[in-house]
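Asks: Coordinates in upload20.txt, compact mmCIF, C-alpha atoms, are listed below.
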# COMPACT_ATOMS: atom_id res chain seq x y z
CA MET A 27 -30.04 -6.67 0.66
CA LYS A 28 -27.15 -4.55 -0.62
CA LEU A 29 -23.95 -4.19 1.40
CA ASN A 30 -22.79 -0.70 2.30
CA ILE A 31 -19.20 -0.45 1.10
CA ALA A 32 -17.16 2.55 2.30
CA VAL A 33 -14.18 3.25 0.04
CA PHE A 34 -11.45 5.25 1.80
CA PHE A 35 -9.04 7.28 -0.34
CA GLY A 36 -6.73 10.31 -0.26
CA GLY A 37 -4.77 10.67 2.97
CA GLU A 38 -1.69 12.47 4.25
CA SER A 39 0.68 10.99 1.71
CA VAL A 40 2.85 11.97 -1.24
CA GLU A 41 0.61 9.58 -3.19
CA HIS A 42 -2.61 11.44 -2.31
CA GLU A 43 -3.71 12.19 -5.87
CA VAL A 44 -2.78 8.71 -7.06
CA SER A 45 -5.06 7.31 -4.37
CA VAL A 46 -7.95 9.45 -5.65
CA ILE A 47 -7.52 7.95 -9.12
CA SER A 48 -7.15 4.35 -7.90
CA ALA A 49 -10.20 4.61 -5.63
CA HIS A 50 -12.44 5.93 -8.38
CA GLN A 51 -11.32 3.15 -10.68
CA ALA A 52 -12.31 0.69 -7.95
CA MET A 53 -15.65 2.39 -7.23
CA ASP A 54 -16.52 2.48 -10.93
CA ALA A 55 -15.89 -1.27 -11.12
CA MET A 56 -18.14 -2.21 -8.17
CA ASP A 57 -21.46 -3.90 -8.90
CA ARG A 58 -24.17 -1.42 -7.87
CA ASN A 59 -26.72 -4.25 -7.81
CA LYS A 60 -24.78 -5.71 -4.85
CA TYR A 61 -23.35 -2.68 -3.13
CA ASN A 62 -24.18 0.82 -1.99
CA VAL A 63 -20.82 2.53 -2.52
CA ILE A 64 -19.97 5.34 -0.09
CA PRO A 65 -16.87 7.44 -0.92
CA ILE A 66 -14.91 8.52 2.16
CA TYR A 67 -12.26 11.07 1.27
CA VAL A 68 -9.40 11.55 3.75
CA SER A 69 -7.97 15.04 3.41
CA LYS A 70 -4.27 15.83 3.70
CA ASP A 71 -4.92 17.06 7.25
CA ARG A 72 -6.62 13.72 8.14
CA ARG A 73 -10.25 14.86 8.17
CA LEU A 74 -12.94 12.62 6.67
CA PHE A 75 -15.42 13.91 4.09
CA THR A 76 -18.19 12.42 2.00
CA SER A 77 -20.81 13.42 -0.55
CA GLU A 78 -22.64 11.61 -3.29
CA ALA A 79 -20.84 13.71 -5.92
CA MET A 80 -17.47 12.46 -4.60
CA GLY A 81 -18.17 9.13 -6.24
CA ASP A 82 -17.31 10.63 -9.63
CA ILE A 83 -13.68 11.48 -10.45
CA SER A 84 -14.83 14.70 -12.16
CA PHE A 85 -15.66 16.05 -8.68
CA PHE A 86 -11.90 16.32 -8.02
CA THR A 87 -10.49 17.18 -11.43
CA GLY A 88 -9.89 20.67 -12.78
CA ARG A 89 -9.94 22.43 -9.42
CA LYS A 90 -8.17 22.65 -6.09
CA LEU A 91 -8.87 20.09 -3.38
CA ASP A 92 -10.04 22.79 -0.98
CA GLU A 93 -12.90 23.59 -3.35
CA ALA A 94 -13.98 19.93 -3.40
CA ILE A 95 -13.85 19.75 0.39
CA ALA A 96 -16.02 22.87 0.71
CA GLU A 97 -18.80 21.09 -1.19
CA SER A 98 -18.66 17.99 1.03
CA THR A 99 -19.73 16.97 4.52
CA GLN A 100 -17.10 16.37 7.18
CA VAL A 101 -17.90 13.12 8.99
CA TYR A 102 -16.69 10.72 11.63
CA LEU A 103 -17.32 7.03 12.20
CA VAL A 104 -18.67 5.61 15.43
CA ARG A 105 -19.64 2.12 16.56
CA GLU A 106 -23.06 1.88 18.22
CA ASN A 107 -25.23 -1.20 18.82
CA ASN A 108 -22.89 -3.39 16.76
CA LYS A 109 -23.10 -1.04 13.78
CA VAL A 110 -20.55 1.36 12.36
CA ILE A 111 -22.31 4.64 11.63
CA ILE A 112 -21.18 7.55 9.45
CA ARG A 113 -22.17 10.72 11.23
CA PRO A 114 -21.67 14.38 10.22
CA VAL A 115 -19.41 16.45 12.46
CA LYS A 116 -21.88 19.34 12.27
CA THR A 117 -25.61 18.74 12.02
CA LYS A 118 -28.24 21.20 10.90
CA LEU A 119 -31.27 21.76 13.11
CA PHE A 120 -33.57 19.75 10.88
CA GLY A 121 -30.87 17.84 9.03
CA THR A 122 -30.26 14.09 8.88
CA LYS A 123 -28.27 12.97 11.88
CA ASP A 124 -26.70 9.87 10.35
CA ILE A 125 -25.49 9.48 6.78
CA GLY A 126 -25.41 5.69 6.74
CA THR A 127 -23.77 2.55 8.09
CA VAL A 128 -20.69 0.65 6.93
CA ASP A 129 -20.76 -3.11 6.35
CA VAL A 130 -17.32 -3.39 4.72
CA ALA A 131 -14.51 -0.86 4.31
CA VAL A 132 -12.20 -0.85 1.29
CA PRO A 133 -9.04 1.22 1.88
CA VAL A 134 -7.53 2.46 -1.39
CA MET A 135 -4.93 4.68 0.24
CA HIS A 136 -1.34 4.52 -0.96
CA GLY A 137 1.66 5.21 1.24
CA THR A 138 1.88 6.90 4.64
CA ASN A 139 -1.14 6.68 6.96
CA GLY A 140 -3.05 4.54 4.50
CA GLU A 141 -0.98 1.61 3.35
CA ASP A 142 1.17 1.37 6.46
CA GLY A 143 -1.32 0.01 9.00
CA THR A 144 -2.69 3.35 10.20
CA ILE A 145 -6.11 3.19 8.54
CA GLN A 146 -6.21 -0.56 9.21
CA GLY A 147 -5.76 0.09 12.94
CA TYR A 148 -8.57 2.65 12.84
CA LEU A 149 -10.87 0.11 11.17
CA GLU A 150 -9.81 -2.55 13.68
CA MET A 151 -10.91 -0.29 16.53
CA LEU A 152 -14.29 0.16 14.84
CA LYS A 153 -14.47 -3.61 14.33
CA VAL A 154 -15.60 -3.23 10.74
CA PRO A 155 -14.54 -5.81 8.13
CA TYR A 156 -12.05 -4.31 5.70
CA ALA A 157 -10.38 -5.42 2.49
CA GLY A 158 -6.66 -6.00 2.06
CA CYS A 159 -3.85 -6.64 4.50
CA ASP A 160 -4.48 -6.48 8.23
CA LEU A 161 -2.58 -4.03 10.43
CA TYR A 162 0.53 -6.21 10.69
CA GLY A 163 0.74 -7.16 7.03
CA ALA A 164 0.27 -3.53 6.04
CA ALA A 165 2.94 -2.26 8.42
CA VAL A 166 5.69 -4.66 7.35
CA GLY A 167 4.75 -4.25 3.70
CA GLN A 168 5.13 -0.47 3.86
CA ASP A 169 8.39 -0.42 5.84
CA LYS A 170 10.97 -1.75 3.40
CA VAL A 171 13.50 -2.30 6.19
CA LEU A 172 11.18 -4.61 8.12
CA MET A 173 10.06 -6.22 4.88
CA LYS A 174 13.59 -7.03 3.77
CA HIS A 175 14.53 -8.53 7.13
CA ILE A 176 11.49 -10.82 7.05
CA LEU A 177 12.15 -11.86 3.46
CA ALA A 178 15.80 -12.58 4.30
CA ASP A 179 14.72 -14.75 7.25
CA ASN A 180 12.52 -16.72 4.86
CA GLY A 181 15.30 -17.31 2.35
CA LEU A 182 13.90 -15.12 -0.41
CA PRO A 183 16.47 -13.64 -2.83
CA MET A 184 17.24 -9.91 -2.62
CA ALA A 185 19.90 -7.63 -4.01
CA PRO A 186 22.70 -6.71 -1.56
CA TRP A 187 21.56 -3.85 0.66
CA PHE A 188 21.87 -2.01 3.98
CA TRP A 189 19.97 0.71 5.82
CA VAL A 190 20.80 3.57 8.18
CA TYR A 191 18.95 6.34 9.96
CA GLY A 192 19.05 9.67 8.18
CA ASN A 193 21.05 11.39 10.90
CA GLU A 194 23.92 8.88 10.57
CA ILE A 195 25.16 10.67 7.45
CA ASP A 196 25.76 13.75 9.65
CA GLU A 197 27.42 11.91 12.53
CA HIS A 198 29.69 9.46 10.69
CA PRO A 199 29.50 9.79 6.90
CA GLU A 200 32.73 7.81 6.39
CA GLU A 201 31.17 4.67 7.91
CA VAL A 202 28.10 5.00 5.70
CA LEU A 203 30.20 5.50 2.58
CA ALA A 204 32.35 2.50 3.51
CA LYS A 205 29.20 0.36 3.39
CA VAL A 206 28.34 1.85 -0.01
CA HIS A 207 31.79 1.02 -1.37
CA LYS A 208 31.31 -2.63 -0.41
CA LEU A 209 28.21 -2.72 -2.60
CA ILE A 210 30.10 -0.96 -5.46
CA TYR A 211 28.48 1.83 -7.47
CA PRO A 212 25.93 2.36 -8.91
CA VAL A 213 23.55 2.05 -5.97
CA ILE A 214 19.94 3.02 -5.49
CA LEU A 215 18.68 4.96 -2.46
CA LYS A 216 15.13 4.68 -1.12
CA PRO A 217 13.23 6.17 1.80
CA ALA A 218 12.02 3.18 3.83
CA ARG A 219 8.31 3.99 3.79
CA THR A 220 7.33 5.81 0.61
CA GLY A 221 6.08 4.63 -2.76
CA SER A 222 5.60 5.76 -6.37
CA SER A 223 9.38 6.30 -6.73
CA VAL A 224 9.20 9.43 -4.54
CA GLY A 225 12.61 10.18 -3.03
CA ILE A 226 14.25 7.30 -4.90
CA ALA A 227 17.41 7.93 -6.94
CA ILE A 228 20.51 6.23 -8.31
CA ALA A 229 24.03 7.35 -7.34
CA HIS A 230 27.22 6.62 -9.29
CA ASN A 231 29.80 8.16 -6.95
CA ASP A 232 30.21 9.59 -3.45
CA GLU A 233 29.15 13.10 -4.44
CA GLU A 234 25.93 11.86 -6.01
CA TYR A 235 25.32 9.50 -3.11
CA LEU A 236 25.44 12.28 -0.50
CA GLU A 237 23.15 14.44 -2.63
CA CYS A 238 20.64 11.60 -3.12
CA PHE A 239 20.79 10.69 0.56
CA MET A 240 19.85 14.23 1.59
CA ASP A 241 16.83 14.05 -0.70
CA ALA A 242 15.71 10.61 0.49
CA ARG A 243 15.92 11.55 4.18
CA GLN A 244 13.31 14.26 3.62
CA TYR A 245 10.67 11.57 3.21
CA ASP A 246 11.60 9.10 5.94
CA GLU A 247 13.99 8.77 8.87
CA LYS A 248 15.31 5.45 7.52
CA VAL A 249 17.17 5.29 4.19
CA ILE A 250 17.89 2.09 2.27
CA THR A 251 20.89 1.66 -0.04
CA GLU A 252 20.81 -1.20 -2.51
CA LYS A 253 23.06 -2.53 -5.26
CA VAL A 254 21.74 -1.70 -8.75
CA ILE A 255 21.14 -4.80 -10.86
CA ARG A 256 22.40 -4.32 -14.41
CA PRO A 257 21.25 -5.10 -17.01
CA MET A 258 17.88 -5.32 -15.28
CA ARG A 259 14.37 -6.28 -16.27
CA GLU A 260 11.50 -5.28 -13.96
CA ILE A 261 8.85 -7.98 -13.65
CA ASN A 262 5.70 -7.56 -11.57
CA CYS A 263 3.19 -10.09 -10.31
CA SER A 264 -0.07 -9.55 -8.44
CA VAL A 265 -1.26 -11.96 -5.75
CA LEU A 266 -4.88 -12.28 -4.61
CA GLY A 267 -6.07 -14.11 -1.52
CA ASP A 268 -4.93 -14.57 2.07
CA GLY A 269 -2.76 -16.82 4.23
CA ILE A 270 -5.08 -19.75 3.61
CA LYS A 271 -5.25 -19.61 -0.18
CA CYS A 272 -3.85 -17.30 -2.83
CA GLU A 273 -3.28 -17.17 -6.58
CA THR A 274 -1.06 -15.20 -8.93
CA SER A 275 -1.94 -12.99 -11.87
CA VAL A 276 -0.40 -12.70 -15.30
CA LEU A 277 3.11 -11.22 -15.14
CA GLU A 278 4.08 -7.87 -16.61
CA GLU A 279 7.35 -6.33 -17.68
CA VAL A 280 7.57 -2.60 -16.95
CA SER A 281 9.75 -0.12 -18.79
CA SER A 282 10.59 3.56 -18.42
CA VAL A 283 9.05 5.69 -21.16
CA SER A 284 11.48 8.49 -20.27
CA HIS A 285 14.49 6.23 -20.90
CA ASP A 286 15.89 7.13 -17.49
CA GLU A 287 17.66 4.56 -15.34
CA LEU A 288 14.74 4.56 -12.94
CA LEU A 289 10.99 4.24 -13.45
CA ASN A 290 9.81 7.58 -12.07
CA PHE A 291 6.50 9.02 -10.88
CA LYS A 292 5.70 10.43 -14.32
CA ASP A 293 6.41 7.07 -15.99
CA LYS A 294 4.09 5.31 -13.58
CA TYR A 295 1.11 7.61 -13.65
CA GLN A 296 1.43 9.78 -16.77
CA GLY A 297 3.05 7.23 -19.04
CA GLY A 298 0.90 6.69 -22.09
CA GLY A 299 2.71 6.24 -25.37
CA LYS A 300 4.35 2.96 -26.24
CA SER A 301 6.43 0.49 -24.31
CA ALA A 302 10.08 -0.10 -25.00
CA LYS A 303 9.25 -2.88 -27.41
CA GLY A 304 6.51 -1.00 -29.22
CA ALA A 305 3.57 -2.48 -27.33
CA LYS A 306 0.95 0.07 -26.36
CA SER A 307 0.62 0.91 -22.70
CA SER A 308 -2.47 -0.53 -21.05
CA GLY A 309 -4.02 2.82 -20.22
CA SER A 310 -3.91 6.53 -20.88
CA LYS A 311 -2.90 9.67 -19.07
CA GLY A 312 -4.79 9.87 -15.80
CA ALA A 313 -5.40 6.12 -15.71
CA GLY A 314 -3.17 5.49 -12.69
CA MET A 315 -0.78 2.56 -12.82
CA ALA A 316 -2.72 1.23 -15.81
CA SER A 317 -1.04 3.97 -17.88
CA THR A 318 2.52 2.75 -17.30
CA ALA A 319 4.44 1.44 -20.31
CA ARG A 320 4.26 -2.31 -19.91
CA ILE A 321 4.23 -5.63 -21.71
CA VAL A 322 1.47 -8.01 -20.57
CA PRO A 323 2.08 -10.88 -20.37
CA ALA A 324 5.80 -10.51 -19.77
CA PRO A 325 7.94 -12.20 -22.46
CA LEU A 326 9.33 -14.97 -20.26
CA SER A 327 9.70 -18.72 -20.58
CA LYS A 328 7.27 -20.97 -18.72
CA ALA A 329 10.02 -21.94 -16.28
CA GLU A 330 10.85 -18.29 -15.57
CA THR A 331 7.17 -17.43 -15.17
CA ASP A 332 6.54 -20.34 -12.80
CA HIS A 333 9.62 -19.42 -10.73
CA ILE A 334 8.52 -15.80 -10.28
CA CYS A 335 4.95 -16.84 -9.45
CA ASP A 336 6.30 -19.22 -6.82
CA LEU A 337 8.46 -16.45 -5.30
CA ALA A 338 5.43 -14.12 -5.34
CA LYS A 339 3.33 -16.56 -3.34
CA LYS A 340 6.14 -17.15 -0.83
CA THR A 341 6.67 -13.39 -0.43
CA PHE A 342 2.93 -12.84 0.06
CA ALA A 343 2.77 -15.57 2.72
CA SER A 344 5.99 -14.56 4.51
CA LEU A 345 4.75 -10.99 4.98
CA GLY A 346 1.29 -12.04 6.18
CA SER A 347 -0.38 -10.30 3.24
CA ALA A 348 -4.04 -10.41 2.19
CA GLY A 349 -6.35 -8.94 -0.42
CA VAL A 350 -4.75 -7.92 -3.69
CA CYS A 351 -1.06 -7.00 -3.69
CA ARG A 352 1.57 -6.44 -6.34
CA ILE A 353 5.06 -7.84 -5.86
CA ASP A 354 7.87 -6.30 -7.89
CA PHE A 355 10.87 -8.32 -9.01
CA MET A 356 14.20 -7.53 -10.61
CA MET A 357 15.71 -9.97 -13.08
CA ASP A 358 19.36 -9.85 -14.13
CA ALA A 359 18.96 -9.88 -17.91
CA ASP A 360 22.26 -11.76 -18.35
CA THR A 361 22.21 -14.35 -15.57
CA LYS A 362 18.37 -14.60 -15.35
CA HIS A 363 18.69 -14.45 -11.56
CA VAL A 364 15.52 -13.07 -9.94
CA TYR A 365 15.44 -10.80 -6.88
CA VAL A 366 12.43 -9.74 -4.81
CA ASN A 367 12.29 -5.95 -4.86
CA GLU A 368 9.23 -5.01 -2.80
CA ILE A 369 5.55 -5.60 -2.13
CA ASN A 370 2.81 -3.05 -2.72
CA THR A 371 -0.02 -3.98 -0.38
CA ILE A 372 -2.42 -1.48 -2.00
CA PRO A 373 -1.02 -1.23 -5.52
CA GLY A 374 -1.83 1.56 -7.93
CA SER A 375 -5.10 0.83 -9.75
CA LEU A 376 -5.30 -2.26 -7.47
CA ALA A 377 -3.31 -4.01 -10.24
CA PHE A 378 -6.63 -4.76 -11.97
CA TYR A 379 -4.96 -4.82 -15.40
CA LEU A 380 -2.95 -7.91 -14.39
CA TRP A 381 -6.17 -9.73 -13.49
CA THR A 382 -8.21 -8.71 -16.52
CA ALA A 383 -5.38 -10.21 -18.58
CA LYS A 384 -6.04 -13.47 -16.75
CA GLY A 385 -9.79 -13.33 -17.35
CA VAL A 386 -10.77 -11.86 -13.96
CA SER A 387 -12.75 -8.66 -14.49
CA PHE A 388 -12.24 -5.60 -12.30
CA THR A 389 -15.79 -6.11 -11.01
CA GLU A 390 -15.00 -9.70 -10.03
CA LEU A 391 -11.77 -8.55 -8.40
CA MET A 392 -13.73 -6.13 -6.19
CA ASP A 393 -16.21 -8.90 -5.31
CA ARG A 394 -13.30 -11.12 -4.25
CA LEU A 395 -11.87 -8.36 -2.04
CA VAL A 396 -15.21 -7.86 -0.28
CA ASP A 397 -15.62 -11.63 0.20
CA LEU A 398 -12.10 -11.94 1.63
CA ALA A 399 -12.83 -9.11 4.09
CA LEU A 400 -16.04 -10.79 5.30
CA GLU A 401 -14.40 -14.20 5.56
CA ARG A 402 -11.53 -12.82 7.67
CA GLU A 403 -14.04 -11.20 10.01
CA ARG A 404 -15.92 -14.52 10.33
CA ARG A 405 -12.70 -16.30 11.25
CA ARG A 406 -11.80 -13.64 13.78
CA SER A 407 -15.23 -13.79 15.40
CA ARG A 408 -14.53 -17.41 16.33
CA MET A 409 -11.24 -16.57 18.05
CA THR A 410 -10.79 -15.83 21.74
CA THR A 411 -9.48 -12.30 22.23
CA SER A 412 -10.23 -11.76 25.92
CA PHE A 413 -11.22 -13.62 29.07
CA ASP A 414 -12.83 -12.65 32.34
CA THR A 415 -10.83 -12.34 35.55
CA ASP A 416 -11.41 -11.15 39.13
CA LEU A 417 -8.41 -8.82 39.00
CA LEU A 418 -10.29 -5.53 39.41
CA LEU A 419 -12.93 -7.06 41.67
CA ASN A 420 -10.26 -8.08 44.18
CA TYR A 421 -7.90 -5.15 43.65
CA LYS A 422 -7.31 -3.02 46.76
CA ALA A 423 -6.22 0.56 46.24
CA GLY A 424 -3.76 2.35 48.50
CA GLY A 425 -0.46 0.81 47.52
CA SER A 426 1.01 -2.06 45.59
CA LYS A 427 2.53 -3.93 48.54
CA GLY A 428 0.74 -7.21 48.97
CA ALA A 429 -2.00 -6.29 46.51
CA LYS A 430 -3.44 -9.20 44.62
CA GLY A 431 -2.64 -9.20 40.98
CA SER A 432 0.48 -7.05 41.27
CA LYS A 433 3.53 -8.26 39.39
CA GLY A 434 6.21 -9.85 41.49
Represent the structure contained in this file as structure tokens.

Replies:
Amino acid sequence: MKLNIAVFFGGESVEHEVSVISAHQAMDAMDRNKYNVIPIYVSKDRRLFTSEAMGDISFFTGRKLDEAIAESTQVYLVRENNKVIIRPVKTKLFGTKDIGTVDVAVPVMHGTNGEDGTIQGYLEMLKVPYAGCDLYGAAVGQDKVLMKHILADNGLPMAPWFWVYGNEIDEHPEEVLAKVHKLIYPVILKPARTGSSVGIAIAHNDEEYLECFMDARQYDEKVITEKVIRPMREINCSVLGDGIKCETSVLEEVSSVSHDELLNFKDKYQGGGKSAKGAKSSGSKGAGMASTARIVPAPLSKAETDHICDLAKKTFASLGSAGVCRIDFMMDADTKHVYVNEINTIPGSLAFYLWTAKGVSFTELMDRLVDLALERERRRSRMTTSFDTDLLLNYKAGGSKGAKGSKG
């Protein structure tokens, strides 16, 4: 019997359109002999929609999102009789009441409300198995401040950094700038909980720093400042598995096709062209992260490769990650020192290109994600999450004094 796989994509995020591309890449790769694939589109105002036509990327291209929504059915999910049912919000008099059931959910939602634990919490409440990080792993992976503190506690190498709330630049800018001066320019500023280089910029002096800070604070209430590593090579590694067992992909070296200091949104998702060393990018315009200018495998020695793979596994484990993630590293091109930059718990294009280079097809990658989701649910079903008490049976209303079960 085929499994019903609901793929969630879109969401209230600056990476909304990127999510649409990544999800359709994933759906196209899924084995239709094993799975009934159900696209669940999350609009920018958090409503859920589905239709059979949504399973094809052409449904979304060449027109406004509102037009696509108008041709779809708004739905909600409900748990009844140990099943998670997809049900239309509005039903016609003689229409079908239920659209289908969900056996496994696959969130392919980047950024806010998708990659940060929000959708994972929703799926937890429905008690449906889902691929990728659980609520906790997703939350700490999305919040770079929490992530960096955890990595520091586990002895993983990071570039010098600090963070402040956005309003601190208004209340005491001198103190913030004093921290920047200790790092020494240039520095890079990042909103704590965004991705795809949105709101990220490099500052070379106080004037630029204040300007960049004002931009970054638009996207999150916490702003990170970090020392720029120069000369820098960006090396990425994907990790697949869970806390019990995981493995690393082939490494990639990423370059900016625009020759800017920073790999920007356009570089990542509309790259095309050739990499810095003349190697063709691994995709084309519209191909998601697969279109970024990259060299796969990264031109590194075996010792350097092994070291980064080891750091990737330790990062994955320290953050409680699961599913397929991509961990980004910075290497000082002179000293060869490697720093952990960040983890992407739902990476663009699900980092499939790093696994195909290792001999794992995109279809096999999706199979592994479904299997990991089911295995986690089996483990959880054997755990004790509640126990019976007589607290309410013996509780006496009318005041807390002397009532059994009240806290002392």

Asks: Give me, please, the distance in Å between CA of Gln146 (chain A) and CA of Thr117 (chain A), quoted to one decimal.

Replies: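 The value is 27.5 Å.
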
Asks: Can you find the residues with an atom no farther than 7 Å from (-3.2, 2.0, -7.8), counting only C-alpha atoms, and report them as a list in words?

Replies: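 Residues with an atom close enough to that point: Val44, Ser45, Ser48, Gly314, Met315, Ile372, Pro373, Gly374, Ser375, Leu376 and Ala377 of chain A.
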
Asks: With distances taken over all atoms listed in the file, which of A:Asp241, A:Glu200, A:Asp169, A:Glu194 is nearest to Leu345 (chain A)?

Replies: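 So, comparing all the options, the nearest one is A:Asp169.
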
Asks: Select, from A:Glu43, A:Glu279, A:Asp179, A:Glu273, the residue with the minimum atom-to-atom distance to Phe86 (chain A), counting all atoms listed in the file.

Replies: A:Glu43

Asks: Need the shell around region 103-107 of chain A: protein/DNA/RNA residues with any atom at most 12 Å away, counting all atoms listed in the file. Skip same-chain ones fewer than 3 positions apart. Format as a PyMOL selection string?

Replies: chain A and resi 32+66+73-76+100+110-115+124-129+131+148-154

Asks: Store the residues picked out above in a file with C-alpha atoms, as a PDB file, in the frame of the given file.

Replies:
ATOM      1  CA  ALA A  32     -17.160   2.550   2.300  1.00  0.00           C
ATOM      2  CA  ILE A  66     -14.910   8.520   2.160  1.00  0.00           C
ATOM      3  CA  ARG A  73     -10.250  14.860   8.170  1.00  0.00           C
ATOM      4  CA  LEU A  74     -12.940  12.620   6.670  1.00  0.00           C
ATOM      5  CA  PHE A  75     -15.420  13.910   4.090  1.00  0.00           C
ATOM      6  CA  THR A  76     -18.190  12.420   2.000  1.00  0.00           C
ATOM      7  CA  GLN A 100     -17.100  16.370   7.180  1.00  0.00           C
ATOM      8  CA  VAL A 110     -20.550   1.360  12.360  1.00  0.00           C
ATOM      9  CA  ILE A 111     -22.310   4.640  11.630  1.00  0.00           C
ATOM     10  CA  ILE A 112     -21.180   7.550   9.450  1.00  0.00           C
ATOM     11  CA  ARG A 113     -22.170  10.720  11.230  1.00  0.00           C
ATOM     12  CA  PRO A 114     -21.670  14.380  10.220  1.00  0.00           C
ATOM     13  CA  VAL A 115     -19.410  16.450  12.460  1.00  0.00           C
ATOM     14  CA  ASP A 124     -26.700   9.870  10.350  1.00  0.00           C
ATOM     15  CA  ILE A 125     -25.490   9.480   6.780  1.00  0.00           C
ATOM     16  CA  GLY A 126     -25.410   5.690   6.740  1.00  0.00           C
ATOM     17  CA  THR A 127     -23.770   2.550   8.090  1.00  0.00           C
ATOM     18  CA  VAL A 128     -20.690   0.650   6.930  1.00  0.00           C
ATOM     19  CA  ASP A 129     -20.760  -3.110   6.350  1.00  0.00           C
ATOM     20  CA  ALA A 131     -14.510  -0.860   4.310  1.00  0.00           C
ATOM     21  CA  TYR A 148      -8.570   2.650  12.840  1.00  0.00           C
ATOM     22  CA  LEU A 149     -10.870   0.110  11.170  1.00  0.00           C
ATOM     23  CA  GLU A 150      -9.810  -2.550  13.680  1.00  0.00           C
ATOM     24  CA  MET A 151     -10.910  -0.290  16.530  1.00  0.00           C
ATOM     25  CA  LEU A 152     -14.290   0.160  14.840  1.00  0.00           C
ATOM     26  CA  LYS A 153     -14.470  -3.610  14.330  1.00  0.00           C
ATOM     27  CA  VAL A 154     -15.600  -3.230  10.740  1.00  0.00           C
TER      28      VAL A 154
END

Asks: Leaving out Met80 (chain A) and any residue of its chain fewer than 5 positions from it, which residues lie within 10 Å of it when counting all atoms listed in the file, given as a PyMOL selection string?

Replies: chain A and resi 50+64-67+75+85-86+94-95+97-98

Asks: Would you mind exporting the chosen residues as a short mmCIF file (atom, residue, chain, number, x, y, z; two decimals), in the frame of the given file, restricted to C-alpha atoms?

Replies:
data_model
loop_
_atom_site.label_atom_id
_atom_site.label_comp_id
_atom_site.auth_asym_id
_atom_site.auth_seq_id
_atom_site.Cartn_x
_atom_site.Cartn_y
_atom_site.Cartn_z
CA HIS A 50 -12.44 5.93 -8.38
CA ILE A 64 -19.97 5.34 -0.09
CA PRO A 65 -16.87 7.44 -0.92
CA ILE A 66 -14.91 8.52 2.16
CA TYR A 67 -12.26 11.07 1.27
CA PHE A 75 -15.42 13.91 4.09
CA PHE A 85 -15.66 16.05 -8.68
CA PHE A 86 -11.90 16.32 -8.02
CA ALA A 94 -13.98 19.93 -3.40
CA ILE A 95 -13.85 19.75 0.39
CA GLU A 97 -18.80 21.09 -1.19
CA SER A 98 -18.66 17.99 1.03
#

Asks: Counting all atoms listed in the file, find residues at most 8 Å from (12.6, 9.3, 7.4) (file frame) and give them as a PDB file with C-alpha atoms, in the frame of the given file.

Replies:
ATOM      1  CA  TYR A 191      18.950   6.340   9.960  1.00  0.00           C
ATOM      2  CA  GLY A 192      19.050   9.670   8.180  1.00  0.00           C
ATOM      3  CA  PRO A 217      13.230   6.170   1.800  1.00  0.00           C
ATOM      4  CA  ALA A 218      12.020   3.180   3.830  1.00  0.00           C
ATOM      5  CA  ARG A 219       8.310   3.990   3.790  1.00  0.00           C
ATOM      6  CA  ALA A 242      15.710  10.610   0.490  1.00  0.00           C
ATOM      7  CA  ARG A 243      15.920  11.550   4.180  1.00  0.00           C
ATOM      8  CA  GLN A 244      13.310  14.260   3.620  1.00  0.00           C
ATOM      9  CA  TYR A 245      10.670  11.570   3.210  1.00  0.00           C
ATOM     10  CA  ASP A 246      11.600   9.100   5.940  1.00  0.00           C
ATOM     11  CA  GLU A 247      13.990   8.770   8.870  1.00  0.00           C
ATOM     12  CA  LYS A 248      15.310   5.450   7.520  1.00  0.00           C
ATOM     13  CA  VAL A 249      17.170   5.290   4.190  1.00  0.00           C
TER      14      VAL A 249
END

Asks: Quick one, how far is CA of Cys351 (chain A) from CA of Glu141 (chain A)?

Replies: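 Straight-line distance from CA of Cys351 (chain A) to CA of Glu141 (chain A) works out to 11.1 Å.
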
Asks: Given the choices A:Ala178, A:Leu236, A:Ser275, A:Arg408, which gets closest to Asp196 (chain A) if the distance is worked out from all atoms listed in the file?

Replies: A:Leu236

Asks: One decimal, Å: what's the distance from CA of Lys205 (chain A) over to CA of His363 (chain A), could you say?

Replies: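 For CA of Lys205 (chain A) relative to CA of His363 (chain A), the distance reads 23.5 Å.
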
Asks: Considering all atoms listed in the file, state which residue in the set A:Ile83, A:Ala164, A:Met184, A:Leu266 is at the smallest distance from Glu368 (chain A).

Replies: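 Among A:Ile83, A:Ala164, A:Met184, A:Leu266, it is A:Met184 that comes nearest to Glu368 (chain A).
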
Asks: Would you mind telling me which residue in A:Val213, A:Ala423, A:Ile369, A:Ala343 lies nearest to Ser264 (chain A) when using all atoms listed in the file?

Replies: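 Answer, going by the shortest atom-to-atom distance: A:Ile369.
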
Asks: Select, from A:Ala348, A:Leu172, A:Val46, A:Ala185, the residue with the minimum atom-to-atom distance to Arg402 (chain A), counting only C-alpha atoms.

Replies: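 Ranking A:Ala348, A:Leu172, A:Val46, A:Ala185 by distance to Arg402 (chain A), first place goes to A:Ala348.
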
Asks: Please identify every residue of region 82-160 of chain A that has at least one atom no farther than 12 Å from an atom of region 388-395 of chain A, counting all atoms listed in the file, and for each give the shortest atom pair and the distance in Å to one decimal, arranged by chain then increasing number, as a Markdown table.

Replies:
| residue | atom | partner | partner_atom | distance |
| --- | --- | --- | --- | --- |
| A:Val130 | CA | A:Leu395 | CA | 10.0 |
| A:Ala131 | CA | A:Leu395 | CA | 10.2 |
| A:Val132 | CA | A:Leu395 | CA | 8.2 |
| A:Pro133 | CA | A:Leu395 | CA | 10.7 |
| A:Val134 | CA | A:Met392 | CA | 11.6 |
| A:Pro155 | CA | A:Leu395 | CA | 10.8 |
| A:Tyr156 | CA | A:Leu395 | CA | 8.7 |
| A:Ala157 | CA | A:Leu395 | CA | 5.6 |
| A:Gly158 | CA | A:Leu395 | CA | 7.0 |
| A:Cys159 | CA | A:Leu395 | CA | 10.5 |
